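Single-structure report; data block below.
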Amino acid sequence: MKRLTYIYWGVPAACALSLLRGYVSGTAHVSLFWVSLLPALVLWGATWLRLQENRAMRPEFSALAVLPHLVFFGAMAAGEDLLSQVQANIWIIVYTLMWLGAALGMVMALCPSADEKKEKAAKGGRDAVFIMMSILTLAYCWYNWTYTTRDIFLKLYTT
């Protein structure tokens, strides 16, 4: 999969996952978890295909790109029983590590493949697509981490 194709498929899927997060108020219905699986599957598939081509990271790590979203929607669908059990600092650290893994997986998928490196070397200059999309990806992950962490772990600091 070419990098531009990955961007055309991955960015809308990631944005759809972020927009679905906006429909969660307190706790979500189980149906929202099932609806979130479609954009998660698209993002995972695009990331897997891209990592398979550019060999920047093992393709199996593409699951990291969607893991924090699925954990969030699953925790919200599970309800108050689960949320009351994860009110500890260790779970915040684990969730943060999931988002760091998601950022790493998506940024590594943006790395140029061997063919793209040859084309870039022939033209000369910096890889502006990688730099700009990496910045946007890191901002996306930070933004979603802050809001999903707040929704999951809010009771830890309000009680």
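The chains in the structure tokens are called A, B, ... from first to last as shown; in each chain the residues are counted from 1, and the ligands are counted from 1 in the order shown.
For region 36-38 of chain A, the residues within 10 Å (counting only C-alpha atoms, excluding itself and residues fewer than 5 positions away along the chain) are Ala13, Ala16, Leu17, Ser18, Leu19, Leu20, Arg21, Ser31, Leu43, Trp44, Val66, His69, Leu70, Phe73 and Gly74 of chain A.
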Discussion item. Residues near Leu83 (chain A), anyone? I mean within 12 Å using only C-alpha atoms, not counting same-chain ones fewer than 4 positions away, as a ChimeraX atom specification.
Written reply: /A:26-27,71-79,87-88,91-92,149-156
Worksheet item: What does the distance between CA of Ala102 (chain A) and CA of Cys141 (chain A) come to in Å, to one decimal place?
Response: 7.5 Å
Item to complete: List every residue of chain A that DSSP, applied to the backbone of this structure, places in helix (DSSP H, G or I), and write the result as JSON, numbers by chain.
Response: {"A": [3, 4, 5, 6, 7, 8, 9, 10, 11, 12, 13, 14, 15, 16, 17, 18, 19, 20, 21, 30, 31, 32, 33, 34, 35, 36, 37, 38, 39, 40, 41, 42, 43, 44, 45, 46, 47, 48, 49, 50, 51, 52, 53, 54, 59, 60, 61, 62, 63, 64, 65, 67, 68, 69, 70, 71, 72, 73, 74, 75, 76, 77, 78, 80, 81, 82, 83, 84, 85, 89, 90, 91, 92, 93, 94, 95, 96, 97, 98, 99, 100, 101, 102, 103, 104, 105, 106, 107, 108, 109, 110, 114, 115, 116, 117, 118, 119, 120, 121, 122, 123, 128, 129, 130, 131, 132, 133, 134, 135, 136, 137, 138, 139, 140, 141, 142, 143, 144, 145, 146, 147, 148, 149, 150, 151, 152, 153, 154, 155, 156, 157, 158]}
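Remark: for Ala14 (chain A), the closest of the candidate residues A:Trp99, A:Tyr147, A:Tyr140, A:Trp48 is A:Tyr140 (distances computed over only C-alpha atoms).
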Worksheet entry | Closest of A:Ala121, A:Ala114, A:Met106, A:Val86 to Ser134 (chain A) - atom-to-atom distances counting only C-alpha atoms | A:Met106
Practice prompt. Using only C-alpha atoms, pick whichever of A:Phe130, A:Leu4, A:Ala40, A:Gly22 has the shortest atom-to-atom distance to Cys111 (chain A).
Written response: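 Closest to Cys111 (chain A) of all the choices is A:Phe130.
Across the structure, CA of Gly105 (chain A) and CA of Pro39 (chain A) are spaced 16.5 Å apart.
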Show which residues sit within 12 Å of Met108 (chain A), as an mmCIF file with N, CA and C atoms, in the first residue's frame. Count only C-alpha atoms, and ignore same-chain residues fewer than 3 positions away.
data_model
loop_
_atom_site.group_PDB
_atom_site.id
_atom_site.type_symbol
_atom_site.label_atom_id
_atom_site.label_comp_id
_atom_site.auth_asym_id
_atom_site.auth_seq_id
_atom_site.Cartn_x
_atom_site.Cartn_y
_atom_site.Cartn_z
ATOM 1 N N ARG A 3 1.940 5.141 0.581
ATOM 2 C CA ARG A 3 1.749 5.985 1.755
ATOM 3 C C ARG A 3 0.538 6.888 1.597
ATOM 4 N N TYR A 6 -2.501 4.943 2.297
ATOM 5 C CA TYR A 6 -2.637 4.756 3.742
ATOM 6 C C TYR A 6 -3.227 6.008 4.385
ATOM 7 N N THR A 47 -3.134 0.158 8.398
ATOM 8 C CA THR A 47 -1.847 0.189 9.098
ATOM 9 C C THR A 47 -1.088 -1.112 8.868
ATOM 10 N N TRP A 48 -1.783 -2.231 8.900
ATOM 11 C CA TRP A 48 -1.133 -3.521 8.671
ATOM 12 C C TRP A 48 -0.539 -3.589 7.267
ATOM 13 N N ARG A 50 0.314 -1.138 5.322
ATOM 14 C CA ARG A 50 1.417 -0.175 5.178
ATOM 15 C C ARG A 50 2.677 -0.691 5.872
ATOM 16 N N LEU A 51 2.536 -1.240 7.076
ATOM 17 C CA LEU A 51 3.706 -1.778 7.765
ATOM 18 C C LEU A 51 4.259 -3.012 7.050
ATOM 19 N N GLN A 52 3.395 -3.747 6.380
ATOM 20 C CA GLN A 52 3.849 -4.890 5.595
ATOM 21 C C GLN A 52 4.725 -4.430 4.428
ATOM 22 N N GLU A 53 4.373 -3.281 3.847
ATOM 23 C CA GLU A 53 5.134 -2.806 2.694
ATOM 24 C C GLU A 53 6.417 -2.090 3.079
ATOM 25 N N ASN A 54 6.349 -1.195 4.047
ATOM 26 C CA ASN A 54 7.538 -0.373 4.312
ATOM 27 C C ASN A 54 8.534 -1.031 5.258
ATOM 28 N N ARG A 55 8.157 -2.106 5.926
ATOM 29 C CA ARG A 55 9.057 -2.872 6.796
ATOM 30 C C ARG A 55 9.709 -2.019 7.892
ATOM 31 N N ALA A 56 9.043 -0.945 8.296
ATOM 32 C CA ALA A 56 9.581 -0.106 9.371
ATOM 33 C C ALA A 56 9.333 -0.742 10.736
ATOM 34 N N MET A 57 8.365 -1.635 10.791
ATOM 35 C CA MET A 57 7.963 -2.281 12.034
ATOM 36 C C MET A 57 7.238 -3.569 11.636
ATOM 37 N N ARG A 58 7.214 -4.534 12.507
ATOM 38 C CA ARG A 58 6.499 -5.773 12.189
ATOM 39 C C ARG A 58 5.005 -5.471 12.028
ATOM 40 N N PRO A 59 4.365 -6.026 11.007
ATOM 41 C CA PRO A 59 2.952 -5.712 10.763
ATOM 42 C C PRO A 59 2.022 -6.110 11.904
ATOM 43 N N PHE A 61 2.261 -5.389 14.871
ATOM 44 C CA PHE A 61 2.109 -4.255 15.785
ATOM 45 C C PHE A 61 1.072 -3.244 15.301
ATOM 46 N N SER A 62 0.465 -3.494 14.152
ATOM 47 C CA SER A 62 -0.580 -2.598 13.662
ATOM 48 C C SER A 62 -1.802 -2.611 14.574
ATOM 49 N N LEU A 64 -1.758 -2.145 17.598
ATOM 50 C CA LEU A 64 -1.583 -1.057 18.565
ATOM 51 C C LEU A 64 -2.299 0.217 18.128
ATOM 52 N N ALA A 65 -2.487 0.395 16.823
ATOM 53 C CA ALA A 65 -3.119 1.613 16.323
ATOM 54 C C ALA A 65 -4.571 1.731 16.766
ATOM 55 N N GLY A 101 1.937 3.389 22.222
ATOM 56 C CA GLY A 101 2.086 2.347 21.212
ATOM 57 C C GLY A 101 1.292 2.655 19.955
ATOM 58 N N ALA A 102 0.102 3.218 20.117
ATOM 59 C CA ALA A 102 -0.703 3.603 18.954
ATOM 60 C C ALA A 102 -0.002 4.686 18.151
ATOM 61 N N ALA A 103 0.546 5.669 18.847
ATOM 62 C CA ALA A 103 1.269 6.741 18.143
ATOM 63 C C ALA A 103 2.483 6.175 17.414
ATOM 64 N N LEU A 104 3.219 5.293 18.078
ATOM 65 C CA LEU A 104 4.393 4.691 17.445
ATOM 66 C C LEU A 104 4.003 3.889 16.212
ATOM 67 N N GLY A 105 2.964 3.089 16.315
ATOM 68 C CA GLY A 105 2.531 2.281 15.180
ATOM 69 C C GLY A 105 2.095 3.115 13.994
ATOM 70 N N CYS A 111 6.401 6.034 7.675
ATOM 71 C CA CYS A 111 7.776 6.015 7.165
ATOM 72 C C CYS A 111 7.779 5.613 5.696
ATOM 73 N N PRO A 112 8.685 6.187 4.913
ATOM 74 C CA PRO A 112 8.720 5.825 3.490
ATOM 75 C C PRO A 112 9.252 4.412 3.276
ATOM 76 N N SER A 113 8.734 3.756 2.257
ATOM 77 C CA SER A 113 9.233 2.435 1.889
ATOM 78 C C SER A 113 10.531 2.601 1.100
ATOM 79 N N PHE A 130 6.081 12.922 5.637
ATOM 80 C CA PHE A 130 6.335 12.207 6.888
ATOM 81 C C PHE A 130 6.362 13.176 8.069
ATOM 82 N N ILE A 131 7.030 14.297 7.914
ATOM 83 C CA ILE A 131 7.143 15.255 9.015
ATOM 84 C C ILE A 131 5.772 15.810 9.397
ATOM 85 N N MET A 133 2.639 14.694 8.633
ATOM 86 C CA MET A 133 1.685 13.691 9.099
ATOM 87 C C MET A 133 2.080 13.126 10.462
ATOM 88 N N SER A 134 3.374 13.061 10.757
ATOM 89 C CA SER A 134 3.805 12.610 12.083
ATOM 90 C C SER A 134 3.383 13.603 13.156
ATOM 91 N N THR A 137 -0.312 13.163 13.591
ATOM 92 C CA THR A 137 -0.598 11.905 14.266
ATOM 93 C C THR A 137 -0.328 12.010 15.759
ATOM 94 N N LEU A 138 0.782 12.625 16.126
ATOM 95 C CA LEU A 138 1.095 12.796 17.547
ATOM 96 C C LEU A 138 0.078 13.702 18.227
#
Worksheet item: With only C-alpha atoms as the atoms that count, which of A:Ser84, A:Leu67, A:Leu110, A:Tyr23 lies nearest to Val11 (chain A)?
Response: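 Of A:Ser84, A:Leu67, A:Leu110, A:Tyr23, the one nearest Val11 (chain A) is A:Leu110, counting only C-alpha atoms.
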Worksheet item: Which of these residues is nearest to Gly10 (chain A), using only C-alpha atoms: A:Ala109, A:Ala46, A:Arg126, A:Thr146?
Response: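 Closest to Gly10 (chain A) of all the choices is A:Ala46.
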Worksheet item: Between CA of Cys15 (chain A) and CA of Ala128 (chain A), what is the spacing in Å?
Response: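 Interatomic distance, CA of Ala128 (chain A) to CA of Cys15 (chain A): 21.6 Å.
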